$ cat work15.tsv   # TSV, C-alpha atoms and all ligand atoms
chain	number	residue	atom	x	y	z
I	1	MET	CA	304.84	114.80	402.03
I	2	PHE	CA	303.08	112.39	404.44
I	3	ASP	CA	305.20	109.63	405.88
I	4	PHE	CA	302.44	107.05	406.54
I	5	ASP	CA	303.06	104.19	408.91
I	6	GLU	CA	301.83	100.70	407.93
I	7	HIS	CA	298.52	101.07	409.84
I	8	GLU	CA	297.70	104.37	408.11
I	9	ARG	CA	298.82	103.09	404.71
I	10	LEU	CA	296.65	99.95	404.94
I	11	LEU	CA	293.58	101.90	406.00
I	12	LEU	CA	293.89	104.84	403.60
I	13	SER	CA	294.76	102.63	400.62
I	14	LYS	CA	291.18	101.31	400.77
I	15	PHE	CA	290.01	104.58	399.23
I	16	LYS	CA	288.96	104.33	395.58
I	17	ALA	CA	287.93	107.17	393.34
I	18	ARG	CA	285.74	107.81	390.35
I	19	GLY	CA	286.49	109.60	387.10
I	20	TYR	CA	284.90	112.98	386.47
I	21	TRP	CA	285.25	115.27	383.45
I	22	THR	CA	283.56	118.53	382.54
I	23	ALA	CA	283.37	120.14	379.13
I	24	VAL	CA	281.83	122.99	377.21
I	25	VAL	CA	280.80	121.81	373.76
I	26	ARG	CA	279.17	123.38	370.74
I	27	ALA	CA	276.33	121.33	369.32
I	28	GLU	CA	273.38	121.98	367.04
I	29	GLY	CA	269.88	120.57	367.46
I	30	LEU	CA	269.66	120.39	371.26
I	31	ASP	CA	266.94	122.26	373.12
I	32	LYS	CA	268.20	125.74	374.10
I	33	ASP	CA	266.18	125.83	377.34
I	34	LYS	CA	266.19	122.24	378.60
I	35	GLY	CA	268.95	120.05	379.99
I	36	VAL	CA	269.33	116.40	379.03
I	37	PHE	CA	269.86	114.02	381.97
I	38	ASN	CA	271.13	110.45	381.81
I	39	VAL	CA	268.68	108.44	383.94
I	40	ASN	CA	267.57	104.84	384.04
I	41	THR	CA	263.88	105.23	383.16
I	42	LYS	CA	263.17	101.50	383.76
I	43	ASN	CA	264.41	101.64	387.35
I	44	MET	CA	264.79	105.09	388.89
I	45	ILE	CA	266.44	103.63	392.02
I	46	LYS	CA	269.32	102.28	389.93
I	47	ALA	CA	271.25	105.13	388.38
I	48	ALA	CA	272.14	105.19	384.72
I	49	ARG	CA	275.07	103.03	383.61
I	50	PHE	CA	278.52	104.54	383.62
I	51	PRO	CA	280.87	105.47	382.06
I	52	GLY	CA	278.60	108.03	380.53
I	53	ILE	CA	277.25	111.56	380.48
I	54	TYR	CA	275.50	112.75	383.65
I	55	ALA	CA	273.95	115.76	382.00
I	56	VAL	CA	274.10	118.13	379.02
I	57	LEU	CA	273.09	121.59	380.20
I	58	PRO	CA	272.30	124.62	378.05
I	59	MET	CA	274.51	127.68	378.57
I	60	PRO	CA	273.67	131.35	377.93
I	61	PHE	CA	275.61	131.32	374.63
I	62	SER	CA	274.19	130.12	371.35
I	63	ASP	CA	274.77	126.34	370.75
I	64	HIS	CA	277.02	126.03	373.86
I	65	TYR	CA	276.35	123.23	376.38
I	66	ASN	CA	277.98	122.20	379.65
I	67	VAL	CA	278.64	118.44	379.67
I	68	LEU	CA	279.31	116.45	382.87
I	69	PHE	CA	280.79	112.97	382.36
I	70	GLY	CA	281.46	110.26	384.95
I	71	ALA	CA	283.17	106.87	385.14
I	72	GLU	CA	283.25	104.22	387.87
I	73	ASP	CA	287.04	104.07	387.83
I	74	LEU	CA	290.12	105.82	386.45
I	75	SER	CA	290.79	103.63	383.42
I	76	LEU	CA	289.47	105.94	380.68
I	77	SER	CA	291.80	108.31	378.84
I	78	ASP	CA	290.78	111.87	377.99
I	79	ASP	CA	290.59	110.86	374.31
I	80	ASP	CA	288.20	107.98	375.17
I	81	VAL	CA	286.00	110.37	377.12
I	82	LYS	CA	285.95	112.93	374.30
I	83	GLN	CA	284.95	110.22	371.82
I	84	ARG	CA	282.18	108.95	374.11
I	85	ILE	CA	280.81	112.47	374.66
I	86	ARG	CA	280.80	113.08	370.89
I	87	ASP	CA	279.10	109.72	370.16
I	88	ASP	CA	276.54	110.04	372.98
I	89	ILE	CA	275.55	113.56	371.94
I	90	GLU	CA	275.18	112.50	368.30
I	91	ARG	CA	272.90	109.64	369.41
I	92	LEU	CA	270.37	112.22	370.61
I	93	SER	CA	267.60	113.53	368.43
I	94	PHE	CA	265.06	116.25	369.03
I	95	ARG	CA	261.78	116.68	367.18
I	96	GLY	CA	262.92	114.15	364.58
I	97	SER	CA	266.30	115.79	363.88
I	98	LYS	CA	269.66	114.34	364.86
I	99	VAL	CA	271.85	116.44	367.13
I	100	LYS	CA	275.15	117.51	365.50
I	101	PHE	CA	278.27	117.70	367.64
I	102	LYS	CA	280.49	120.60	366.54
I	103	GLU	CA	283.51	121.02	368.85
I	104	PHE	CA	284.95	121.01	372.35
I	105	VAL	CA	285.36	124.60	373.58
I	106	GLU	CA	286.66	123.48	377.01
I	107	PHE	CA	287.56	120.04	378.37
I	108	HIS	CA	288.79	119.30	381.92
I	109	ASN	CA	289.68	116.12	383.74
I	110	HIS	CA	288.84	116.34	387.49
I	111	SER	CA	289.78	112.74	388.27
I	112	PRO	CA	290.29	111.24	390.78
I	113	PHE	CA	286.93	112.45	392.08
I	114	GLY	CA	284.53	111.38	394.84
I	115	PRO	CA	286.73	109.22	397.06
I	116	TYR	CA	284.81	106.24	398.50
I	117	VAL	CA	285.32	102.83	400.10
I	118	GLU	CA	283.46	99.57	399.44
I	119	VAL	CA	280.33	98.76	401.47
I	120	ASP	CA	282.07	95.79	403.13
I	121	ASP	CA	284.87	98.08	404.33
I	122	ILE	CA	282.26	100.43	405.84
I	123	ARG	CA	280.55	97.43	407.52
I	124	ASN	CA	283.95	96.39	408.88
I	125	GLY	CA	284.38	99.75	410.63
I	126	PHE	CA	286.38	101.73	408.05
I	127	TYR	CA	285.09	105.14	409.17
I	128	GLN	CA	285.37	104.31	412.90
I	129	ASN	CA	288.99	103.33	412.26
I	130	LEU	CA	289.55	106.47	410.19
I	131	ASN	CA	288.15	108.61	413.02
I	132	LYS	CA	290.56	106.91	415.42
I	133	LEU	CA	293.40	108.35	413.31
I	134	GLN	CA	292.29	111.92	414.14
I	135	GLY	CA	294.96	113.51	416.32
I	136	ARG	CA	297.32	110.52	416.04
I	137	HIS	CA	300.85	111.79	415.31
I	138	SER	CA	299.35	115.30	415.75
I	139	THR	CA	297.61	114.86	412.38
I	140	TYR	CA	293.96	115.63	411.54
I	141	TYR	CA	292.16	114.49	408.42
I	142	ILE	CA	289.66	116.72	406.59
I	143	GLY	CA	288.21	116.97	403.08
I	144	THR	CA	285.51	115.33	401.00
I	145	ALA	CA	286.91	111.84	401.57
I	146	LEU	CA	285.59	112.17	405.12
I	147	SER	CA	282.75	114.65	404.90
I	148	GLY	CA	280.81	114.28	401.66
I	149	PRO	CA	280.97	115.80	398.21
I	150	SER	CA	280.33	119.53	398.62
I	151	THR	CA	282.36	122.38	400.06
I	152	PRO	CA	279.82	123.21	402.87
I	153	ASP	CA	280.06	119.54	403.96
I	154	CYS	CA	283.83	120.00	404.25
I	155	TRP	CA	283.51	123.14	406.36
I	156	ASP	CA	280.85	121.57	408.62
I	157	HIS	CA	283.11	118.60	409.19
I	158	VAL	CA	286.05	120.90	409.98
I	159	ALA	CA	283.83	122.85	412.44
I	160	ASP	CA	282.77	119.60	414.15
I	161	LEU	CA	286.37	118.44	414.28
I	162	VAL	CA	287.56	121.73	415.82
I	163	ASN	CA	284.70	121.55	418.37
I	164	ASP	CA	285.54	117.94	419.24
I	165	TYR	CA	289.30	118.22	419.49
I	166	PHE	CA	289.81	121.91	420.36
I	167	PRO	CA	286.65	122.80	422.32
I	168	ALA	CA	287.66	126.36	423.25
I	169	ASN	CA	285.40	129.20	422.06
I	170	ASN	CA	286.92	129.29	418.61
I	171	PRO	CA	285.16	131.32	415.87
I	172	ALA	CA	286.49	128.88	413.25
I	173	SER	CA	284.32	126.18	414.81
I	174	ARG	CA	281.01	127.71	413.66
I	175	ARG	CA	279.09	125.53	411.22
I	176	SER	CA	278.40	126.79	407.69
I	177	ASP	CA	274.69	127.51	408.47
I	178	GLU	CA	275.75	129.87	411.28
I	179	LEU	CA	278.10	131.95	409.11
N	1	LIG	C1	283.97	120.52	388.37
N	1	LIG	C2	283.65	120.60	389.84
N	1	LIG	C3	282.63	121.44	390.26
N	1	LIG	C4	282.31	121.53	391.61
N	1	LIG	N1	281.31	122.35	391.99
N	1	LIG	C5	281.01	122.48	393.28
N	1	LIG	C6	280.00	123.38	393.71
N	1	LIG	O1	279.38	124.08	392.89
N	1	LIG	N2	279.73	123.46	395.04
N	1	LIG	C7	280.41	122.71	395.95
N	1	LIG	O2	280.12	122.83	397.15
N	1	LIG	N3	281.37	121.85	395.58
N	1	LIG	C8	281.70	121.72	394.28
N	1	LIG	N4	282.67	120.85	393.90
N	1	LIG	C9	283.31	120.04	394.92
N	1	LIG	C10	284.41	120.81	395.64
N	1	LIG	O3	285.35	121.25	394.70
N	1	LIG	C11	285.04	119.84	396.58
N	1	LIG	O4	284.06	119.41	397.50
N	1	LIG	C12	286.17	120.44	397.39
N	1	LIG	O5	287.06	121.14	396.58
N	1	LIG	C13	286.87	119.28	398.01
N	1	LIG	O6	287.86	119.76	398.88
N	1	LIG	P1	289.04	118.81	399.33
N	1	LIG	O7	289.89	119.64	400.21
N	1	LIG	O8	288.51	117.52	399.85
N	1	LIG	O9	289.80	118.42	397.98
N	1	LIG	P2	290.51	119.34	396.90
N	1	LIG	O10	289.92	120.71	396.83
N	1	LIG	O11	290.55	118.50	395.66
N	1	LIG	O12	291.98	119.51	397.51
N	1	LIG	C14	292.92	118.47	397.49
N	1	LIG	C15	294.28	119.10	397.30
N	1	LIG	O13	295.28	118.10	397.50
N	1	LIG	C16	296.26	118.26	396.51
N	1	LIG	N5	296.92	116.95	396.36
N	1	LIG	C17	296.43	115.83	395.81
N	1	LIG	N6	297.31	114.83	395.87
N	1	LIG	C18	298.41	115.32	396.47
N	1	LIG	C19	299.68	114.77	396.83
N	1	LIG	N7	299.97	113.50	396.59
N	1	LIG	N8	300.55	115.58	397.45
N	1	LIG	C20	300.25	116.88	397.73
N	1	LIG	N9	299.06	117.45	397.42
N	1	LIG	C21	298.16	116.69	396.80
N	1	LIG	C22	295.51	118.69	395.27
N	1	LIG	O14	296.36	119.35	394.36
N	1	LIG	C23	294.47	119.64	395.88
N	1	LIG	O15	294.96	120.97	395.98
N	1	LIG	C24	283.02	120.75	392.55
N	1	LIG	C25	284.05	119.90	392.12
N	1	LIG	C26	284.36	119.85	390.79
N	1	LIG	C27	285.49	118.95	390.34
$ encode --input "work15.tsv" --output "structure tokens" --more "lines below"
Ligand SMILES: Cc1cc2nc3c(=O)[nH]c(=O)nc-3n(C[C@H](O)[C@H](O)[C@H](O)COP(=O)(O)OP(=O)(O)OC[C@H]3O[C@@H](n4cnc5c(N)ncnc54)[C@H](O)[C@@H]3O)c2cc1C
Amino acid sequence: MFDFDEHERLLLSKFKARGYWTAVVRAEGLDKDKGVFNVNTKNMIKAARFPGIYAVLPMPFSDHYNVLFGAEDLSLSDDDVKQRIRDDIERLSFRGSKVKFKEFVEFHNHSPFGPYVEVDDIRNGFYQNLNKLQGRHSTYYIGTALSGPSTPDCWDHVADLVNDYFPANNPASRRSDEL
């Protein structure tokens, strides 16, 4: 367990996180070959409003779809999310027929997801201050909170960190595109 000092606690407590759920559902009436994406068609720069479904993606099993659901914060319960997924799917219609939600086959809560800080905190030097923590108390910080959302981003950040702080010829310091 980390024993943060006041400086670390104040800085790291600025992190917020989003809600993220994934599910496999059975539904009838959706297109078997095409995914449904939640976009703001009036303004493509502004994303769709959340909480809501990101996408409903067909799977290689009859009437099975992978649903990705996001929320701006962590206030929704799993039951709320299930109800919203059900309602949103049943609002869809294809070729004049309403889509019928059947059941959840799988349902997983991956929250808290996508750690981030507010724009003003970034303007005020949040990431510079976070980088200054590297090596302090012999501690190094890695993970998507620092590097970005995908696993290769994590490994590239770790490689850069090893190169910066331990610049010996270390095979672990190769970036993901060199492996
Ligand atoms: C559904 C889903 C699908 C994804 N698909 C992809 C993909 O296809 N490709 C891709 O590149 N990335 C994908 N990602 C993202 C990828 O999983 C993350 O980028 C990566 O796992 C983040 O690594 P991390 O070390 O930052 O965090 P994590 O892997 O979340 O590790 C954090 C660890 O800290 C532990 N922990 C948390 N709190 C505490 C505490 N208080 N004390 C002790 N331990 C604690 C957790 O149990 C966890 O083991 C996906 C993520 C999700 C949720």
$ closest_atom_pairs --input "work15.tsv" --of "chain I" --to "ligand LIG 1 (chain N)" --cutoff "12 Å" --atoms "all atoms listed in the file" --output "Markdown table"
| residue | atom | partner | partner_atom | distance |
| --- | --- | --- | --- | --- |
| I:Met1 | CA | N:LIG1 | N8 | 6.3 |
| I:Phe2 | CA | N:LIG1 | N8 | 8.1 |
| I:Asp3 | CA | N:LIG1 | N8 | 11.3 |
| I:Ala17 | CA | N:LIG1 | O11 | 11.9 |
| I:Arg18 | CA | N:LIG1 | C27 | 11.1 |
| I:Gly19 | CA | N:LIG1 | C27 | 9.9 |
| I:Tyr20 | CA | N:LIG1 | C27 | 7.1 |
| I:Trp21 | CA | N:LIG1 | C1 | 7.3 |
| I:Thr22 | CA | N:LIG1 | C1 | 6.2 |
| I:Ala23 | CA | N:LIG1 | C1 | 9.3 |
| I:Val24 | CA | N:LIG1 | C1 | 11.6 |
| I:Asn66 | CA | N:LIG1 | C1 | 10.7 |
| I:Val67 | CA | N:LIG1 | C1 | 10.4 |
| I:Leu68 | CA | N:LIG1 | C1 | 8.3 |
| I:Phe69 | CA | N:LIG1 | C1 | 10.2 |
| I:Gly70 | CA | N:LIG1 | C27 | 11.0 |
| I:Phe107 | CA | N:LIG1 | C1 | 10.6 |
| I:His108 | CA | N:LIG1 | C1 | 8.1 |
| I:Asn109 | CA | N:LIG1 | C27 | 8.3 |
| I:His110 | CA | N:LIG1 | C27 | 5.1 |
| I:Ser111 | CA | N:LIG1 | C27 | 7.8 |
| I:Pro112 | CA | N:LIG1 | O11 | 8.8 |
| I:Phe113 | CA | N:LIG1 | C27 | 6.9 |
| I:Gly114 | CA | N:LIG1 | O4 | 8.5 |
| I:Pro115 | CA | N:LIG1 | O8 | 8.9 |
| I:Tyr116 | CA | N:LIG1 | O8 | 11.9 |
| I:Tyr141 | CA | N:LIG1 | O8 | 9.8 |
| I:Ile142 | CA | N:LIG1 | O8 | 6.9 |
| I:Gly143 | CA | N:LIG1 | O8 | 3.3 |
| I:Thr144 | CA | N:LIG1 | O8 | 3.9 |
| I:Ala145 | CA | N:LIG1 | O8 | 6.1 |
| I:Leu146 | CA | N:LIG1 | O8 | 8.1 |
| I:Ser147 | CA | N:LIG1 | O8 | 8.2 |
| I:Gly148 | CA | N:LIG1 | O4 | 7.4 |
| I:Pro149 | CA | N:LIG1 | O4 | 4.8 |
| I:Ser150 | CA | N:LIG1 | O2 | 3.6 |
| I:Thr151 | CA | N:LIG1 | O2 | 3.7 |
| I:Pro152 | CA | N:LIG1 | O2 | 5.7 |
| I:Asp153 | CA | N:LIG1 | O2 | 7.6 |
| I:Cys154 | CA | N:LIG1 | O6 | 6.7 |
| I:Trp155 | CA | N:LIG1 | O6 | 9.3 |
| I:Asp156 | CA | N:LIG1 | O2 | 11.6 |
| I:His157 | CA | N:LIG1 | O8 | 10.8 |
| I:Val158 | CA | N:LIG1 | O7 | 10.6 |
| I:Ser176 | CA | N:LIG1 | O2 | 11.4 |
$ write_last_selection --input "work15.tsv" --atoms "C-alpha atoms" --output "PDB file, keeping the file's coordinate frame"
ATOM      1  CA  MET I   1     304.840 114.800 402.030  1.00  0.00           C
ATOM      2  CA  PHE I   2     303.080 112.390 404.440  1.00  0.00           C
ATOM      3  CA  ASP I   3     305.200 109.630 405.880  1.00  0.00           C
ATOM      4  CA  ALA I  17     287.930 107.170 393.340  1.00  0.00           C
ATOM      5  CA  ARG I  18     285.740 107.810 390.350  1.00  0.00           C
ATOM      6  CA  GLY I  19     286.490 109.600 387.100  1.00  0.00           C
ATOM      7  CA  TYR I  20     284.900 112.980 386.470  1.00  0.00           C
ATOM      8  CA  TRP I  21     285.250 115.270 383.450  1.00  0.00           C
ATOM      9  CA  THR I  22     283.560 118.530 382.540  1.00  0.00           C
ATOM     10  CA  ALA I  23     283.370 120.140 379.130  1.00  0.00           C
ATOM     11  CA  VAL I  24     281.830 122.990 377.210  1.00  0.00           C
ATOM     12  CA  ASN I  66     277.980 122.200 379.650  1.00  0.00           C
ATOM     13  CA  VAL I  67     278.640 118.440 379.670  1.00  0.00           C
ATOM     14  CA  LEU I  68     279.310 116.450 382.870  1.00  0.00           C
ATOM     15  CA  PHE I  69     280.790 112.970 382.360  1.00  0.00           C
ATOM     16  CA  GLY I  70     281.460 110.260 384.950  1.00  0.00           C
ATOM     17  CA  PHE I 107     287.560 120.040 378.370  1.00  0.00           C
ATOM     18  CA  HIS I 108     288.790 119.300 381.920  1.00  0.00           C
ATOM     19  CA  ASN I 109     289.680 116.120 383.740  1.00  0.00           C
ATOM     20  CA  HIS I 110     288.840 116.340 387.490  1.00  0.00           C
ATOM     21  CA  SER I 111     289.780 112.740 388.270  1.00  0.00           C
ATOM     22  CA  PRO I 112     290.290 111.240 390.780  1.00  0.00           C
ATOM     23  CA  PHE I 113     286.930 112.450 392.080  1.00  0.00           C
ATOM     24  CA  GLY I 114     284.530 111.380 394.840  1.00  0.00           C
ATOM     25  CA  PRO I 115     286.730 109.220 397.060  1.00  0.00           C
ATOM     26  CA  TYR I 116     284.810 106.240 398.500  1.00  0.00           C
ATOM     27  CA  TYR I 141     292.160 114.490 408.420  1.00  0.00           C
ATOM     28  CA  ILE I 142     289.660 116.720 406.590  1.00  0.00           C
ATOM     29  CA  GLY I 143     288.210 116.970 403.080  1.00  0.00           C
ATOM     30  CA  THR I 144     285.510 115.330 401.000  1.00  0.00           C
ATOM     31  CA  ALA I 145     286.910 111.840 401.570  1.00  0.00           C
ATOM     32  CA  LEU I 146     285.590 112.170 405.120  1.00  0.00           C
ATOM     33  CA  SER I 147     282.750 114.650 404.900  1.00  0.00           C
ATOM     34  CA  GLY I 148     280.810 114.280 401.660  1.00  0.00           C
ATOM     35  CA  PRO I 149     280.970 115.800 398.210  1.00  0.00           C
ATOM     36  CA  SER I 150     280.330 119.530 398.620  1.00  0.00           C
ATOM     37  CA  THR I 151     282.360 122.380 400.060  1.00  0.00           C
ATOM     38  CA  PRO I 152     279.820 123.210 402.870  1.00  0.00           C
ATOM     39  CA  ASP I 153     280.060 119.540 403.960  1.00  0.00           C
ATOM     40  CA  CYS I 154     283.830 120.000 404.250  1.00  0.00           C
ATOM     41  CA  TRP I 155     283.510 123.140 406.360  1.00  0.00           C
ATOM     42  CA  ASP I 156     280.850 121.570 408.620  1.00  0.00           C
ATOM     43  CA  HIS I 157     283.110 118.600 409.190  1.00  0.00           C
ATOM     44  CA  VAL I 158     286.050 120.900 409.980  1.00  0.00           C
ATOM     45  CA  SER I 176     278.400 126.790 407.690  1.00  0.00           C
TER      46      SER I 176
END
$ atom_distance --input "work15.tsv" --atom1 "CA of Val39 (chain I)" --atom2 "CA of Asp87 (chain I)"
17.3 Å
$ residues_around --input "work15.tsv" --residues "Glu90 (chain I)" --least-positions-apart "4" --cutoff "12 Å" --atoms "all atoms listed in the file" --output "list in words"
Arg26, Ala27, Glu28, Gly29, Leu30, Gln83, Arg84, Ile85, Arg86, Phe94, Ser97, Lys98, Val99, Lys100, Phe101, Lys102 and Glu103 of chain I
$ closest_residue --input "work15.tsv" --among "I:Asp79, I:Asp120, I:Glu6, I:Asp73" --to "Phe104 (chain I)" --atoms "only C-alpha atoms"
I:Asp79
$ atom_distance --input "work15.tsv" --atom1 "CA of Ser93 (chain I)" --atom2 "CA of Val25 (chain I)"
16.5 Å
$ atom_distance --input "work15.tsv" --atom1 "CA of Lys82 (chain I)" --atom2 "CA of Ser13 (chain I)"
29.6 Å
$ closest_residue --input "work15.tsv" --among "I:Leu11, I:Ile89, I:Asn163, I:Val117" --to "Asn131 (chain I)" --atoms "all atoms listed in the file"
I:Leu11
$ closest_residue --input "work15.tsv" --among "I:Asp164, I:Asp121, I:Asp88, I:Glu106" --to "Phe37 (chain I)" --atoms "all atoms listed in the file"
I:Asp88
$ axis_aligned_box --input "work15.tsv" --around "region 128-137 of chain I" --padding-each-side "3 Å" --output "JSON"
{"center_x": 293.1, "center_y": 108.4, "center_z": 413.3, "size_x": 21.5, "size_y": 16.2, "size_z": 12.1}
$ decode --input "work15.tsv" --residues "region 37-56 of chain I" --atoms "N, CA and C atoms" --output "PDB file, in the first residue's frame"
ATOM      1  N   PHE I  37     -23.272   2.863 -34.101  1.00  0.00           N
ATOM      2  CA  PHE I  37     -22.392   3.744 -33.323  1.00  0.00           C
ATOM      3  C   PHE I  37     -23.158   4.979 -32.877  1.00  0.00           C
ATOM      4  N   ASN I  38     -22.911   5.378 -31.627  1.00  0.00           N
ATOM      5  CA  ASN I  38     -23.589   6.543 -31.063  1.00  0.00           C
ATOM      6  C   ASN I  38     -22.766   7.790 -31.396  1.00  0.00           C
ATOM      7  N   VAL I  39     -23.197   8.533 -32.417  1.00  0.00           N
ATOM      8  CA  VAL I  39     -22.457   9.752 -32.792  1.00  0.00           C
ATOM      9  C   VAL I  39     -23.419  10.933 -32.811  1.00  0.00           C
ATOM     10  N   ASN I  40     -22.853  12.121 -32.699  1.00  0.00           N
ATOM     11  CA  ASN I  40     -23.641  13.340 -32.789  1.00  0.00           C
ATOM     12  C   ASN I  40     -23.631  13.780 -34.250  1.00  0.00           C
ATOM     13  N   THR I  41     -24.690  13.463 -34.989  1.00  0.00           N
ATOM     14  CA  THR I  41     -24.682  13.723 -36.435  1.00  0.00           C
ATOM     15  C   THR I  41     -24.787  15.221 -36.739  1.00  0.00           C
ATOM     16  N   LYS I  42     -25.269  16.019 -35.763  1.00  0.00           N
ATOM     17  CA  LYS I  42     -25.396  17.475 -36.003  1.00  0.00           C
ATOM     18  C   LYS I  42     -24.050  18.165 -35.865  1.00  0.00           C
ATOM     19  N   ASN I  43     -23.176  17.601 -35.047  1.00  0.00           N
ATOM     20  CA  ASN I  43     -21.857  18.212 -34.838  1.00  0.00           C
ATOM     21  C   ASN I  43     -20.857  17.102 -34.546  1.00  0.00           C
ATOM     22  N   MET I  44     -20.138  16.689 -35.612  1.00  0.00           N
ATOM     23  CA  MET I  44     -19.254  15.529 -35.477  1.00  0.00           C
ATOM     24  C   MET I  44     -18.061  15.804 -34.555  1.00  0.00           C
ATOM     25  N   ILE I  45     -17.749  17.102 -34.348  1.00  0.00           N
ATOM     26  CA  ILE I  45     -16.626  17.428 -33.455  1.00  0.00           C
ATOM     27  C   ILE I  45     -17.015  17.102 -32.017  1.00  0.00           C
ATOM     28  N   LYS I  46     -18.276  17.452 -31.676  1.00  0.00           N
ATOM     29  CA  LYS I  46     -18.756  17.131 -30.320  1.00  0.00           C
ATOM     30  C   LYS I  46     -19.222  15.686 -30.309  1.00  0.00           C
ATOM     31  N   ALA I  47     -18.720  14.920 -29.385  1.00  0.00           N
ATOM     32  CA  ALA I  47     -19.110  13.504 -29.323  1.00  0.00           C
ATOM     33  C   ALA I  47     -20.568  13.406 -28.879  1.00  0.00           C
ATOM     34  N   ALA I  48     -21.095  12.203 -28.989  1.00  0.00           N
ATOM     35  CA  ALA I  48     -22.456  11.970 -28.522  1.00  0.00           C
ATOM     36  C   ALA I  48     -22.540  12.230 -27.019  1.00  0.00           C
ATOM     37  N   ARG I  49     -23.764  12.432 -26.527  1.00  0.00           N
ATOM     38  CA  ARG I  49     -23.931  12.715 -25.091  1.00  0.00           C
ATOM     39  C   ARG I  49     -23.854  11.435 -24.280  1.00  0.00           C
ATOM     40  N   PHE I  50     -23.219  11.539 -23.139  1.00  0.00           N
ATOM     41  CA  PHE I  50     -23.110  10.398 -22.243  1.00  0.00           C
ATOM     42  C   PHE I  50     -23.727  10.735 -20.904  1.00  0.00           C
ATOM     43  N   PRO I  51     -24.249   9.804 -20.113  1.00  0.00           N
ATOM     44  CA  PRO I  51     -24.061   8.369 -20.277  1.00  0.00           C
ATOM     45  C   PRO I  51     -24.831   7.824 -21.477  1.00  0.00           C
ATOM     46  N   GLY I  52     -24.221   6.811 -22.082  1.00  0.00           N
ATOM     47  CA  GLY I  52     -24.881   6.187 -23.214  1.00  0.00           C
ATOM     48  C   GLY I  52     -24.024   5.100 -23.832  1.00  0.00           C
ATOM     49  N   ILE I  53     -24.619   4.453 -24.839  1.00  0.00           N
ATOM     50  CA  ILE I  53     -23.911   3.384 -25.549  1.00  0.00           C
ATOM     51  C   ILE I  53     -22.899   4.005 -26.514  1.00  0.00           C
ATOM     52  N   TYR I  54     -21.667   3.480 -26.516  1.00  0.00           N
ATOM     53  CA  TYR I  54     -20.697   3.873 -27.552  1.00  0.00           C
ATOM     54  C   TYR I  54     -21.031   3.146 -28.849  1.00  0.00           C
ATOM     55  N   ALA I  55     -21.237   1.834 -28.718  1.00  0.00           N
ATOM     56  CA  ALA I  55     -21.426   1.039 -29.931  1.00  0.00           C
ATOM     57  C   ALA I  55     -22.121  -0.282 -29.601  1.00  0.00           C
ATOM     58  N   VAL I  56     -22.854  -0.785 -30.589  1.00  0.00           N
ATOM     59  CA  VAL I  56     -23.444  -2.135 -30.516  1.00  0.00           C
ATOM     60  C   VAL I  56     -22.870  -2.888 -31.713  1.00  0.00           C
TER      61      VAL I  56
END
